[in-house]
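Text of work.tsv (TSV, C-alpha atoms) as supplied:
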```tsv
chain	number	residue	atom	x	y	z
A	955	MET	CA	71.08	-9.73	35.20
A	956	LYS	CA	67.58	-11.14	35.65
A	957	ARG	CA	64.25	-11.30	33.90
A	958	GLY	CA	62.14	-8.26	34.83
A	959	GLU	CA	65.09	-5.93	35.34
A	960	VAL	CA	65.56	-2.72	33.36
A	961	TRP	CA	69.08	-2.05	32.08
A	962	ILE	CA	70.63	0.44	29.65
A	963	GLY	CA	70.92	-1.13	26.19
A	964	ASN	CA	72.80	0.06	23.14
A	965	LEU	CA	70.42	-0.61	20.23
A	966	ASN	CA	72.67	1.05	17.64
A	967	PRO	CA	72.99	0.62	14.76
A	968	ASN	CA	69.36	0.33	13.81
A	969	ARG	CA	67.87	-0.19	10.37
A	970	GLY	CA	64.74	1.44	8.97
A	971	ALA	CA	61.91	1.48	11.51
A	972	GLU	CA	63.83	-0.50	14.18
A	973	THR	CA	64.14	1.17	17.56
A	974	GLY	CA	67.66	2.50	18.05
A	975	LYS	CA	69.62	4.72	20.43
A	976	ILE	CA	70.96	4.00	23.87
A	977	ARG	CA	67.88	3.52	26.01
A	978	PRO	CA	66.40	1.50	28.88
A	979	VAL	CA	65.50	-2.07	27.97
A	980	LEU	CA	63.54	-4.72	29.86
A	981	ILE	CA	65.08	-8.17	30.13
A	982	VAL	CA	62.46	-10.76	29.14
A	983	GLN	CA	64.73	-13.75	28.56
A	984	ALA	CA	64.25	-16.70	30.91
A	985	ASP	CA	66.68	-16.64	33.85
A	986	PHE	CA	67.89	-20.20	33.21
A	987	LEU	CA	69.34	-19.10	29.85
A	988	THR	CA	71.06	-16.09	31.36
A	989	GLN	CA	72.42	-18.17	34.26
A	990	GLN	CA	73.79	-20.77	31.82
A	991	GLY	CA	76.00	-18.04	30.40
A	992	SER	CA	74.13	-17.26	27.19
A	993	GLU	CA	76.09	-14.58	25.35
A	994	THR	CA	72.89	-12.91	24.20
A	995	VAL	CA	69.86	-11.54	26.05
A	996	VAL	CA	66.31	-11.01	24.75
A	997	VAL	CA	65.02	-7.54	25.65
A	998	LEU	CA	62.15	-5.15	24.99
A	999	PRO	CA	63.03	-1.47	24.56
A	1000	LEU	CA	61.42	1.29	26.59
A	1001	THR	CA	60.44	4.75	25.35
A	1002	THR	CA	59.99	7.98	27.27
A	1003	GLN	CA	57.34	9.06	24.76
A	1004	VAL	CA	54.45	7.90	26.92
A	1005	ARG	CA	51.19	7.86	24.96
A	1006	SER	CA	47.96	6.75	26.59
A	1007	GLY	CA	46.65	5.77	23.14
A	1008	LYS	CA	49.31	3.04	22.97
A	1009	GLU	CA	47.93	1.28	26.07
A	1010	PRO	CA	47.23	-1.51	26.81
A	1011	LEU	CA	49.79	-2.78	24.23
A	1012	HIS	CA	52.49	-0.51	25.67
A	1013	VAL	CA	52.89	-1.01	29.42
A	1014	THR	CA	53.64	2.16	31.40
A	1015	ILE	CA	56.40	1.96	34.03
A	1016	PRO	CA	56.50	4.91	36.43
A	1017	ALA	CA	59.82	6.59	37.24
A	1018	ARG	CA	61.38	4.99	40.32
A	1019	ASP	CA	64.68	3.79	41.72
A	1020	ARG	CA	67.26	4.68	39.05
A	1021	LEU	CA	64.70	4.84	36.20
A	1022	ARG	CA	64.49	8.64	36.02
A	1023	GLU	CA	61.52	9.05	33.68
A	1024	THR	CA	58.18	7.34	33.24
A	1025	CYS	CA	58.49	4.99	30.26
A	1026	GLN	CA	56.47	2.56	28.19
A	1027	VAL	CA	57.61	-0.94	27.26
A	1028	MET	CA	57.41	-1.57	23.49
A	1029	PRO	CA	56.57	-5.28	23.07
A	1030	GLU	CA	56.38	-4.97	19.28
A	1031	GLN	CA	60.15	-4.27	19.12
A	1032	PRO	CA	61.87	-7.32	20.72
A	1033	ARG	CA	65.63	-7.53	20.26
A	1034	THR	CA	68.34	-10.04	21.03
A	1035	LEU	CA	71.46	-8.22	22.22
A	1036	ASP	CA	74.97	-9.34	22.99
A	1037	ARG	CA	75.49	-8.97	26.75
A	1038	ARG	CA	78.21	-6.42	26.06
A	1039	ARG	CA	75.49	-4.04	24.78
A	1040	LEU	CA	73.92	-3.92	28.28
A	1041	ASP	CA	75.25	-1.68	31.03
A	1042	GLY	CA	74.29	0.35	34.07
A	1043	GLY	CA	71.68	-1.94	35.49
A	1044	PRO	CA	69.50	-2.75	37.02
A	1045	LEU	CA	67.77	0.62	36.98
A	1046	THR	CA	64.64	-0.92	38.47
A	1047	THR	CA	62.78	-4.23	38.57
A	1048	LEU	CA	59.20	-4.63	37.39
A	1049	SER	CA	56.57	-5.93	39.79
A	1050	ASP	CA	54.81	-9.23	39.12
A	1051	SER	CA	51.74	-7.28	38.00
A	1052	GLU	CA	53.76	-5.16	35.55
A	1053	MET	CA	55.53	-8.24	34.16
A	1054	GLY	CA	52.17	-9.97	33.75
A	1055	ARG	CA	50.93	-7.08	31.61
A	1056	VAL	CA	54.14	-7.09	29.56
A	1057	GLU	CA	53.86	-10.86	29.02
A	1058	LYS	CA	50.24	-10.51	27.88
A	1059	SER	CA	51.21	-7.76	25.42
A	1060	LEU	CA	54.19	-9.72	24.09
A	1061	LEU	CA	52.04	-12.81	23.55
A	1062	ALA	CA	49.51	-10.68	21.65
A	1063	VAL	CA	52.26	-9.25	19.43
A	1064	LEU	CA	53.51	-12.76	18.70
A	1065	GLY	CA	49.99	-14.00	17.91
A	1066	MET	CA	50.09	-16.41	20.84
A	1067	PHE	CA	47.30	-14.91	22.93
```

Would you encode the structure as structure tokens?
Amino acid sequence: MKRGEVWIGNLNPNRGAETGKIRPVLIVQADFLTQQGSETVVVLPLTTQVRSGKEPLHVTIPARDRLRETCQVMPEQPRTLDRRRLDGGPLTTLSDSEMGRVEKSLLAVLGMF
């Protein structure tokens, strides 16, 4: 499990407007935390409802490897999940360019850009 990989995450149960369901998630947590055995992992959910109007905040990831559908990363919905909620990965790994765009979007969402 490494930063930049897409896994299947169980985001249930959700509350209100939180993103739920079992869906692909992008690992954004620093590798040193994961390698130290952290029991939780920080992720960003992906959606298959690709909307060009959501770009550049939502980063589009084309279908490839085991990621069957084109998706968009939702940086405004970060979640910390117990490792046991992650399975079936990695489906794919984002390129440096894709991760750079995700990082820029996440920083904007957090007001750090």

Margin query: Give me, as an MDAnalysis selection string, all polymer residues having an atom no more than 12 Å from region 971-980 of chain A, counting all atoms listed in the file and skipping those fewer than 3 positions away in the same chain.
Written below: chainID A and resid 955:968 983 995:1003 1013 1015 1017 1020:1035 1039:1048 1052:1053 1056:1057

Box centre and edge lengths (Å, one decimal), axis-aligned, region 1008-1012 of chain A plus 8 Å each side, as JSON:
```
{"center_x": 49.9, "center_y": 0.1, "center_z": 24.9, "size_x": 21.3, "size_y": 21.8, "size_z": 19.8}
```

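Of note, CA of Arg1038 (chain A) and CA of Gln990 (chain A) are spaced 16.1 Å apart.
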
Note to self: When you look at Ser1059 (chain A) with a cut-off of 8 Å (counting only C-alpha atoms), what residues show up, excluding the ones that are within fewer than 3 positions of it in the same chain? I need them as a ChimeraX atom specification.
What the structure shows: /A:1010-1012,1029,1055-1056,1062-1063

Margin query: So the first atom is CA of Ile981 (chain A) and the second is CA of Arg1005 (chain A); what is the distance between them in Å, to one decimal place?
Written below: 21.8 Å

Item checked: Pick from A:Ser1051, A:Asp985, A:Asp1036, A:Thr994 nearest to Thr1014 (chain A), counting only C-alpha atoms -> A:Ser1051

Check: What is the CA of Glu993 (chain A)-CA of Arg1037 (chain A) distance in Å, reported with one decimal?
Finding: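 Going from CA of Glu993 (chain A) over to CA of Arg1037 (chain A) covers 5.8 Å.
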